[in-house]
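**Student:** If it helps, the file is called data-v6.txt and holds compact mmCIF, C-alpha atoms:
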# COMPACT_ATOMS: atom_id res chain seq x y z
CA GLY A 65 -15.38 -29.57 -13.97
CA GLN A 66 -16.07 -26.79 -16.49
CA HIS A 67 -14.94 -26.67 -20.11
CA PRO A 68 -11.88 -24.35 -20.29
CA GLN A 69 -12.52 -20.94 -21.83
CA GLY A 70 -9.00 -19.58 -21.88
CA PRO A 71 -7.99 -16.46 -19.92
CA GLY A 72 -10.77 -14.52 -18.32
CA LEU A 73 -11.80 -11.96 -15.76
CA ILE A 74 -11.84 -13.01 -12.12
CA THR A 75 -12.86 -11.27 -8.91
CA GLN A 76 -13.51 -12.12 -5.29
CA ASP A 77 -16.39 -10.60 -3.37
CA ALA A 78 -16.29 -9.58 0.29
CA LEU A 79 -17.95 -12.85 1.30
CA GLY A 80 -15.06 -14.86 -0.17
CA GLY A 81 -16.89 -15.96 -3.32
CA ILE A 82 -14.87 -16.30 -6.54
CA TRP A 83 -16.49 -15.13 -9.80
CA TRP A 84 -15.00 -15.86 -13.22
CA MET A 85 -15.87 -15.36 -16.86
CA GLY A 86 -13.69 -16.42 -19.80
CA TYR A 87 -13.09 -14.37 -22.91
CA ALA A 88 -14.11 -17.12 -25.32
CA TYR A 89 -17.62 -17.99 -26.53
CA PRO A 90 -19.90 -19.02 -25.01
CA PHE A 91 -19.69 -16.44 -22.22
CA ARG A 92 -20.66 -18.02 -18.91
CA LEU A 93 -20.48 -16.55 -15.43
CA LEU A 94 -19.09 -19.10 -12.96
CA HIS A 95 -19.17 -18.94 -9.16
CA LEU A 96 -16.85 -21.02 -6.96
CA GLN A 97 -18.82 -22.37 -3.99
CA ASP A 98 -17.37 -24.89 -1.52
CA GLY A 99 -14.67 -25.84 -4.01
CA VAL A 100 -17.15 -26.45 -6.87
CA TRP A 101 -17.70 -24.19 -9.87
CA VAL A 102 -21.41 -23.36 -10.28
CA GLN A 103 -22.58 -21.97 -13.61
CA LYS A 104 -24.90 -19.01 -13.08
CA GLU A 105 -25.99 -18.54 -16.69
CA LYS A 106 -25.88 -20.92 -19.62
CA ASP A 107 -24.82 -18.48 -22.31
CA LEU A 108 -24.33 -14.72 -22.10
CA SER A 109 -22.89 -14.38 -25.60
CA PRO A 110 -25.69 -12.14 -26.95
CA GLU A 111 -25.04 -9.66 -24.13
CA PHE A 112 -21.25 -9.34 -24.38
CA SER A 113 -18.54 -8.71 -26.93
CA LEU A 114 -14.85 -9.58 -26.75
CA ASP A 115 -13.77 -6.08 -25.69
CA LYS A 116 -14.68 -6.46 -22.01
CA VAL A 117 -12.05 -4.65 -19.97
CA VAL A 118 -13.34 -4.51 -16.40
CA MET A 119 -14.94 -6.98 -14.05
CA ASP A 120 -15.51 -6.18 -10.39
CA SER A 121 -17.83 -7.07 -7.54
CA TRP A 122 -19.30 -5.57 -4.40
CA VAL A 123 -21.27 -6.92 -1.47
CA ASP A 124 -23.69 -4.54 0.26
CA ALA A 125 -24.66 -4.47 3.93
CA GLU A 126 -27.42 -7.00 3.25
CA GLY A 127 -24.98 -9.48 1.70
CA ARG A 128 -26.18 -9.00 -1.88
CA VAL A 129 -23.49 -9.44 -4.51
CA THR A 130 -23.19 -7.01 -7.43
CA ILE A 131 -21.11 -8.07 -10.45
CA ILE A 132 -20.24 -5.44 -13.05
CA PHE A 133 -18.74 -5.84 -16.53
CA THR A 134 -17.84 -2.91 -18.72
CA ASP A 135 -16.26 -2.49 -22.12
CA ILE A 136 -14.62 0.50 -23.75
CA SER A 137 -17.56 0.91 -26.14
CA GLY A 138 -19.53 2.15 -23.15
CA ARG A 139 -21.75 -0.77 -22.21
CA VAL A 140 -22.21 -1.45 -18.50
CA ALA A 141 -23.61 -4.88 -17.60
CA LEU A 142 -24.85 -5.05 -14.02
CA ARG A 143 -25.80 -8.33 -12.33
CA ARG A 144 -27.69 -7.91 -9.07
CA ASP A 145 -30.15 -10.23 -7.33
CA GLY A 146 -29.63 -12.74 -10.16
CA GLU A 147 -30.76 -10.33 -12.90
CA TRP A 148 -28.80 -8.52 -15.61
CA ARG A 149 -29.23 -4.85 -16.52
CA ILE A 150 -27.50 -3.22 -19.50
CA LEU A 151 -26.74 0.51 -19.33
CA ARG A 152 -25.03 2.83 -21.81
CA PRO A 153 -23.60 6.24 -20.87
CA ASP A 154 -24.68 9.05 -23.21
CA VAL A 155 -21.19 10.54 -23.74
CA GLN A 156 -18.84 11.07 -26.65
CA THR A 157 -15.87 8.78 -27.23
CA THR A 158 -12.30 10.00 -27.02
CA ARG A 159 -10.00 9.86 -30.03
CA GLU A 160 -8.82 6.48 -28.67
CA GLY A 161 -12.42 5.24 -28.83
CA ILE A 162 -12.88 5.23 -25.06
CA VAL A 163 -16.35 5.92 -23.71
CA LEU A 164 -15.66 5.01 -20.09
CA HIS A 165 -12.61 4.46 -17.94
CA SER A 166 -13.90 2.46 -14.99
CA VAL A 167 -16.86 1.83 -12.71
CA GLY A 168 -17.38 1.73 -8.96
CA VAL A 169 -19.99 1.54 -6.23
CA LEU A 170 -20.51 4.18 -3.57
CA GLY A 171 -23.19 3.16 -1.09
CA SER A 172 -26.28 2.48 -3.17
CA ARG A 173 -24.95 4.35 -6.22
CA LEU A 174 -23.25 2.94 -9.30
CA LEU A 175 -20.52 5.35 -10.46
CA VAL A 176 -19.28 5.37 -14.05
CA CYS A 177 -16.07 7.29 -14.77
CA THR A 178 -16.00 8.75 -18.30
CA PRO A 179 -13.96 11.27 -20.34
CA GLU A 180 -16.81 13.76 -19.88
CA GLY A 181 -17.17 13.38 -16.14
CA LEU A 182 -18.83 11.17 -13.55
CA LEU A 183 -22.17 9.46 -14.16
CA GLU A 184 -24.44 7.77 -11.61
CA ALA A 185 -27.22 5.22 -11.45
CA ASP A 186 -29.29 3.90 -8.57
CA LEU A 187 -28.22 0.33 -7.83
CA GLU A 188 -31.71 -0.53 -6.61
CA ASP A 189 -33.24 0.56 -9.92
CA PRO A 190 -30.49 1.09 -12.52
CA VAL A 191 -32.61 2.47 -15.34
CA SER A 192 -30.30 5.16 -16.72
CA LEU A 193 -26.99 6.88 -16.12
CA GLU A 194 -27.20 10.55 -15.15
CA PRO A 195 -24.53 13.21 -14.45
CA SER A 196 -23.30 12.96 -10.87
CA SER A 197 -24.36 15.53 -8.28
CA LEU A 198 -20.96 15.37 -6.56
CA ASP A 199 -19.04 18.66 -6.47
CA LEU A 200 -16.08 17.71 -8.68
CA PRO A 201 -13.86 19.63 -11.13
CA PRO A 202 -15.07 19.52 -14.73
CA GLY A 203 -13.51 17.15 -17.22
CA PRO A 204 -12.54 13.48 -17.24
CA VAL A 205 -12.96 11.26 -14.20
CA TYR A 206 -10.78 8.17 -14.29
CA ALA A 207 -11.39 5.96 -11.27
CA VAL A 208 -13.07 5.53 -7.89
CA THR A 209 -11.82 3.52 -4.93
CA ARG A 210 -13.94 1.27 -2.80
CA GLN A 211 -15.39 2.79 0.32
CA SER A 212 -13.55 1.96 3.55
CA ALA A 213 -15.22 0.84 6.76
CA GLU A 214 -14.86 4.44 7.97
CA GLY A 215 -16.83 5.73 4.97
CA VAL A 216 -13.79 7.14 3.12
CA SER A 217 -13.30 6.81 -0.64
CA TRP A 218 -11.40 8.63 -3.37
CA LEU A 219 -12.08 9.75 -6.91
CA VAL A 220 -9.30 10.42 -9.44
CA GLY A 221 -9.73 12.85 -12.29
CA GLN A 222 -7.68 14.83 -14.76
CA GLY A 223 -5.19 16.64 -12.54
CA TRP A 224 -6.86 16.02 -9.17
CA PHE A 225 -7.61 13.53 -6.39
CA ALA A 226 -10.84 14.03 -4.39
CA ARG A 227 -11.50 12.62 -0.92
CA LEU A 228 -15.05 11.58 -0.08
CA GLU A 229 -16.46 10.91 3.37
CA ASP A 230 -19.85 9.23 3.64
CA GLY A 231 -20.45 9.86 -0.05
CA LYS A 232 -19.69 13.62 0.02
CA VAL A 233 -16.66 15.45 -1.36
CA VAL A 234 -14.67 16.95 1.52
CA ALA A 235 -11.41 17.85 -0.27
CA VAL A 236 -10.06 18.16 -3.80
CA HIS A 237 -6.27 17.99 -4.14
CA PRO A 238 -4.88 19.43 -7.40
CA THR A 239 -2.10 17.36 -9.03
CA PRO A 240 -1.05 19.40 -12.05
CA GLU A 241 2.09 17.24 -12.48
CA GLN A 242 -0.11 14.24 -13.29
CA ASP A 243 0.39 13.04 -16.87
CA THR A 244 -3.04 13.01 -18.50
CA ALA A 245 -2.00 12.38 -22.09
CA ARG A 246 -3.55 9.34 -23.78
CA MET A 247 -5.21 7.95 -20.67
CA ALA A 248 -6.02 4.32 -21.44
CA ALA A 249 -8.70 2.00 -20.14
CA PRO A 250 -9.20 0.43 -17.75
CA THR A 251 -8.00 2.72 -15.00
CA VAL A 252 -7.91 1.48 -11.42
CA ALA A 253 -7.63 3.22 -8.05
CA ARG A 254 -7.16 1.55 -4.67
CA MET A 255 -6.58 2.96 -1.20
CA GLY A 256 -3.26 1.97 0.34
CA PRO A 257 -2.71 1.01 3.98
CA ALA A 258 -0.90 4.28 4.85
CA GLY A 259 -3.71 6.66 3.87
CA GLY A 260 -2.68 7.17 0.26
CA VAL A 261 -4.17 6.18 -3.09
CA TYR A 262 -2.67 4.08 -5.89
CA PHE A 263 -3.87 4.96 -9.39
CA VAL A 264 -2.83 3.00 -12.49
CA ASP A 265 -3.49 2.47 -16.15
CA PHE A 266 -1.51 0.66 -18.86
CA GLY A 267 1.00 3.50 -19.16
CA ARG A 268 1.55 4.82 -15.64
CA VAL A 269 1.43 4.13 -11.92
CA TYR A 270 0.88 6.91 -9.37
CA TYR A 271 0.80 7.05 -5.59
CA PHE A 272 -0.89 10.06 -3.98
CA HIS A 273 -0.89 10.96 -0.31
CA PRO A 274 -2.68 14.10 0.92
CA GLU A 275 0.29 15.03 3.13
CA HIS A 276 3.09 14.23 0.69
CA GLY A 277 1.65 14.85 -2.78
CA LEU A 278 1.90 12.81 -5.97
CA GLU A 279 4.65 10.31 -6.77
CA LYS A 280 5.08 8.53 -10.09
CA LEU A 281 6.25 4.92 -9.76
CA ASP A 282 8.03 3.09 -12.56
CA THR A 283 10.84 0.63 -13.24
CA ARG A 284 13.30 3.01 -11.57
CA SER A 285 11.21 2.64 -8.42
CA GLY A 286 11.51 -1.15 -8.67
CA LEU A 287 8.26 -2.00 -10.49
CA ALA A 288 8.20 -4.67 -13.15
CA SER A 289 6.72 -2.23 -15.67
CA ASN A 290 6.03 1.48 -16.12
CA GLY A 291 2.30 0.83 -16.27
CA ALA A 292 -0.21 -1.60 -14.78
CA ASN A 293 -3.55 -3.23 -15.40
CA GLY A 294 -4.65 -4.00 -11.85
CA ILE A 295 -4.06 -3.48 -8.13
CA LEU A 296 -4.83 -5.62 -5.11
CA VAL A 297 -4.38 -4.54 -1.49
CA ASP A 298 -4.39 -7.71 0.61
CA ARG A 299 -5.43 -8.17 4.24
CA GLU A 300 -1.83 -7.69 5.45
CA GLY A 301 -1.59 -4.31 3.71
CA SER A 302 0.73 -5.40 0.89
CA VAL A 303 0.02 -3.79 -2.48
CA TRP A 304 0.17 -6.06 -5.54
CA ILE A 305 0.46 -4.42 -8.97
CA THR A 306 -0.10 -6.53 -12.09
CA SER A 307 1.25 -5.62 -15.51
CA ILE A 308 2.09 -7.14 -18.86
CA ARG A 309 5.68 -7.59 -17.65
CA GLY A 310 5.00 -9.29 -14.35
CA LEU A 311 3.86 -8.78 -10.77
CA SER A 312 5.18 -6.20 -8.30
CA GLN A 313 4.63 -6.21 -4.54
CA ILE A 314 4.89 -3.10 -2.38
CA VAL A 315 5.10 -4.32 1.19
CA SER A 316 4.75 -0.99 2.99
CA ARG A 317 4.95 2.75 2.40
CA ARG A 318 4.20 3.61 6.02
CA LEU A 319 6.76 5.55 8.06
CA SER A 320 6.51 5.55 11.85
CA CYS A 321 8.61 8.06 13.77
CA TRP A 322 9.68 8.12 17.42
CA ASN A 323 11.51 10.80 19.39
CA LYS A 324 12.08 12.00 22.94
CA ASP A 325 8.43 13.00 23.31
CA TRP A 326 7.46 9.38 22.63
CA GLY A 327 9.81 8.12 25.35
CA LEU A 328 13.32 7.86 23.89
CA GLN A 329 16.27 8.79 26.11
CA GLY A 330 17.45 11.39 23.61
CA GLU A 331 16.36 13.09 20.41
CA GLU A 332 19.38 11.99 18.39
CA VAL A 333 19.68 8.26 17.67
CA SER A 334 23.29 7.42 16.81
CA ALA A 335 23.26 3.59 16.97
CA ILE A 336 20.76 0.74 16.83
CA HIS A 337 20.98 -2.99 17.55
CA HIS A 338 18.38 -5.78 17.33
CA ARG A 339 19.12 -8.29 20.12
CA ARG A 340 18.66 -12.02 19.75
CA ASP A 341 15.92 -11.89 22.42
CA GLY A 342 13.87 -9.60 20.12
CA SER A 343 14.42 -6.31 21.97
CA VAL A 344 15.97 -3.28 20.28
CA ILE A 345 18.65 -1.05 21.82
CA LEU A 346 19.12 2.55 20.68
CA GLY A 347 22.25 4.57 21.39
CA HIS A 348 22.10 8.31 22.10
CA ARG A 349 24.48 11.06 23.14
CA THR A 350 23.99 10.50 26.87
CA GLY A 351 22.32 7.14 27.24
CA LEU A 352 20.39 4.21 25.86
CA THR A 353 16.78 3.34 25.05
CA ILE A 354 15.68 -0.29 25.23
CA LEU A 355 12.49 -1.15 23.33
CA ASP A 356 11.09 -4.30 24.96
CA PRO A 357 8.51 -3.55 23.56
CA GLU A 358 7.81 -0.34 25.51
CA PRO A 359 10.77 2.02 25.92
CA ARG A 360 12.88 2.19 29.04
CA THR A 361 15.86 4.49 29.27
CA ILE A 362 19.36 4.35 30.78
CA ASP A 363 21.14 7.62 31.51
CA PHE A 364 24.96 7.73 31.43
CA GLY A 365 25.02 10.74 33.73
CA ALA A 366 27.64 12.47 31.59
CA THR A 367 28.26 16.14 32.26
CA SER A 368 28.39 17.03 28.58
CA SER A 369 26.04 15.79 25.89
CA LEU A 370 28.94 15.74 23.44
CA THR A 371 31.30 13.39 25.33
CA SER A 372 29.52 10.04 25.35
CA ARG A 373 27.67 9.51 22.08
CA VAL A 374 27.11 5.80 21.42
CA ILE A 375 28.44 5.02 17.95
CA ASP A 376 28.15 1.22 17.81
CA ILE A 377 26.44 -1.60 19.72
CA GLU A 378 27.59 -5.24 19.57
CA GLU A 379 26.26 -8.47 21.12
CA ASP A 380 28.77 -11.23 21.84
CA ALA A 381 28.26 -15.02 21.81
CA GLU A 382 27.12 -14.99 25.45
CA GLY A 383 24.48 -12.34 24.80
CA ARG A 384 26.38 -9.52 26.50
CA ILE A 385 25.89 -6.01 25.09
CA TRP A 386 28.97 -3.88 24.41
CA LEU A 387 28.93 -0.17 23.62
CA ALA A 388 31.35 1.94 21.61
CA ALA A 389 31.23 5.59 22.64
CA ASP A 390 33.07 8.87 22.18
CA TYR A 391 35.59 9.51 24.99
CA GLN A 392 33.85 7.01 27.29
CA GLY A 393 35.67 4.15 25.55
CA LEU A 394 34.15 0.66 25.79
CA GLY A 395 31.00 0.00 27.80
CA LEU A 396 29.41 -3.24 29.06
CA LEU A 397 25.67 -3.23 29.76
CA GLY A 398 24.86 -5.24 32.87
CA ASP A 399 21.71 -7.22 33.63
CA ASP A 400 20.62 -4.49 36.07
CA ASP A 401 20.97 -1.80 33.35
CA THR A 402 24.20 -0.48 34.86
CA ILE A 403 27.11 0.26 32.54
CA THR A 404 30.75 -0.55 33.25
CA TRP A 405 33.19 1.56 31.22
CA TRP A 406 36.73 0.49 30.26
CA GLN A 407 39.58 2.84 29.38
CA PRO A 408 43.19 1.80 28.73
CA ASP A 409 45.87 3.05 31.10
CA THR A 410 47.07 5.82 28.80
CA THR A 411 47.13 9.57 28.98
CA ARG A 412 44.91 9.85 25.91
CA ALA A 413 41.18 9.19 26.40
CA LEU A 414 39.90 6.36 24.25
CA SER A 415 37.12 7.02 21.77
CA THR A 416 35.62 3.85 20.30
CA TYR A 417 33.98 4.02 16.87
CA GLY A 418 33.21 0.41 16.04
CA LEU A 419 33.01 -3.07 17.58
CA LEU A 420 33.34 -6.63 16.34
CA ALA A 421 32.71 -9.67 18.59
CA ARG A 422 35.10 -12.48 17.64
CA PRO A 423 34.45 -16.25 17.99
CA ASP A 424 37.14 -16.57 20.71
CA GLY A 425 35.22 -14.15 22.94
CA SER A 426 37.46 -11.16 22.34
CA LEU A 427 36.42 -7.82 20.90
CA LEU A 428 38.04 -5.79 18.18
CA LEU A 429 37.71 -2.07 18.79
CA ALA A 430 38.11 0.60 16.13
CA THR A 431 39.43 3.55 18.14
CA ASN A 432 41.21 6.88 17.94
CA ASN A 433 44.33 4.91 18.98
CA GLY A 434 44.01 2.39 16.13
CA LEU A 435 42.68 -1.17 16.21
CA VAL A 436 42.53 -2.55 19.75
CA SER A 437 41.85 -6.13 20.88
CA HIS A 438 40.01 -6.47 24.20
CA LYS A 439 39.58 -9.73 26.14
Could you take the file, read its structure, and then write that structure out as structure tokens?
**Tutor:**
Amino acid sequence: GQHPQGPGLITQDALGGIWWMGYAYPFRLLHLQDGVWVQKEKDLSPEFSLDKVVMDSWVDAEGRVTIIFTDISGRVALRRDGEWRILRPDVQTTREGIVLHSVGVLGSRLLVCTPEGLLEADLEDPVSLEPSSLDLPPGPVYAVTRQSAEGVSWLVGQGWFARLEDGKVVAVHPTPEQDTARMAAPTVARMGPAGGVYFVDFGRVYYFHPEHGLEKLDTRSGLASNGANGILVDREGSVWITSIRGLSQIVSRRLSCWNKDWGLQGEEVSAIHHRRDGSVILGHRTGLTILDPEPRTIDFGATSSLTSRVIDIEEDAEGRIWLAADYQGLGLLGDDDTITWWQPDTTRALSTYGLLARPDGSLLLATNNGLVSHK
């Protein structure tokens, strides 16, 4: 129901509200409520220029929405409790004309990331921007993440990532391999679901994890572009990276590891099969682990850990589980978790390396005696 303004800046607050402002005159802030766009101001044109680069929003513990616009000339427009405040950081521009990189909110503090460091203002009374009291390395500060429910947030600067807990710096991780040349604006940082931090600008995308260090992501990693202009981490933990060349989705960077201490039958896992009933079977040197969903183990009882390694697992049309194993030959897993082993009547022990269930109910076995058909 509103006159189109062309492309604009859009954000969603923590209460589900959608806020949008177009780039074209007249500038109007619109709020989507119950499927209807509500115009909050008639005309904001005197307050804004066409070089807006950042729009974001926060909702505090009392449910108050804060909307922030910034532009690379240094102006910070803050809308809170239905009123606008205009702030300007007192810092020098870079040779690219950048006065600030990004903004963020930490508790009741407005944070402004600039080439000369981090500036702060009190959200309750944002009169002026002052140098931050946080214990950070000197030099440019590029971006701040939102604070998690556990009180954790991150700041990204020139050659470092800093972890904050409850608004205090608890660790600074140097990243000297970080490319700091010609840092553009805006810069964006978001916490990932696996404990790391994504940091992007138009020319680069980084992922930092305190246990694994810094990783640069680009088209060779599968991204649509070598840089980005925005990041979204959705409720399912997927990371969405927007760029001028398209949209990239990172589903997960989390690795979960299990071993014998967790409940597996053995440390080495030599085969794996996902059954049609949803359970997972793992093959080991001397037995099996069935994840259904908790692990239960089956021991072969072999005298040597080197003589019965499971190499392949196959499920036939009737749902029976067959095992290919060194020296043990071919195994059939029974409903009571017992295993029946088959060896041909030859002087040479059969080692089975691979299995294929055929439509006629037979099995093809890849063995040390060649290809064997078993019915």
**Student:** Calculate how many Å separate CA of Leu175 (chain A) from CA of Asn293 (chain A), rounding to one decimal.
**Tutor:** 19.6 Å
**Student:** Please return as a PyMOL selection string every residue within 10 Å of (21.2, -4.8, 31.7), taking into account all atoms listed in the file and the file's own coordinates.
**Tutor:** chain A and resi 354+362+384-385+396-403
**Student:** List the residues sitting within 10 Å of (-14.3, 13.5, -0.6) in the file's frame, using all atoms listed in the file, as a list in words.
**Tutor:** Leu198, Asp199, Leu200, Gly215, Val216, Ser217, Trp218, Leu219, Phe225, Ala226, Arg227, Leu228, Glu229, Asp230, Gly231, Lys232, Val233, Val234, Ala235, Val236 and His237 of chain A
**Student:** What separation in Å, quoted to one decimal, exists between CA of Pro423 (chain A) and CA of Gly342 (chain A)?
**Tutor:** 21.7 Å
**Student:** What separation in Å, quoted to one decimal, exists between CA of Lys104 (chain A) and CA of Glu147 (chain A)?
**Tutor:**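 Result for CA of Lys104 (chain A) versus CA of Glu147 (chain A): 10.5 Å, one decimal.
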**Student:** Write out as JSON an axis-aligned box for region 342-353 of chain A: all of its atoms listed in the file, 3 Å added on each side, centre and edge lengths in Å with one decimal.
**Tutor:**
{"center_x": 19.2, "center_y": 0.7, "center_z": 23.7, "size_x": 16.6, "size_y": 26.7, "size_z": 13.1}
**Student:** Which residues come within 12 Å of Ala381 (chain A), counting all atoms listed in the file, excluding same-chain residues fewer than 2 positions away, as a list of chain:residue names?
**Tutor:** A:Arg339, A:Arg340, A:Glu378, A:Glu379, A:Gly383, A:Arg384, A:Ile385, A:Trp386, A:Leu420, A:Ala421, A:Arg422, A:Pro423, A:Asp424, A:Gly425, A:Ser426, A:Leu427
**Student:** Name all residues at most 9 Å from Gly168 (chain A) (count all atoms listed in the file; drop same-chain ones fewer than 6 positions away) and give them as a list in words.
**Tutor:** Asp120, Ser121, Trp122, Ile132, Leu174, Leu175, Val176, Cys177, Ala207, Val208, Thr209 and Arg210 of chain A
**Student:** Residues within 9 Å of Ser415 (chain A), please, as a count of residues only. Count all atoms listed in the file; anything in the same chain fewer than 3 positions from it doesn't count.
**Tutor:** 12
**Student:** Pick out the closest residue to Gly351 (chain A) from this set: A:Asp298, A:Asp154, A:Asp189, A:Asp363. Count all atoms listed in the file.
**Tutor:**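 Of A:Asp298, A:Asp154, A:Asp189, A:Asp363, the one nearest Gly351 (chain A), counting all atoms listed in the file, is A:Asp363.
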**Student:** Taking only C-alpha atoms into account, name the residue in A:Leu278, A:Val140, A:Ala258, A:Val297 that is nearest to Thr239 (chain A).
**Tutor:**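 Using only C-alpha atoms, the shortest distance to Thr239 (chain A) belongs to A:Leu278.
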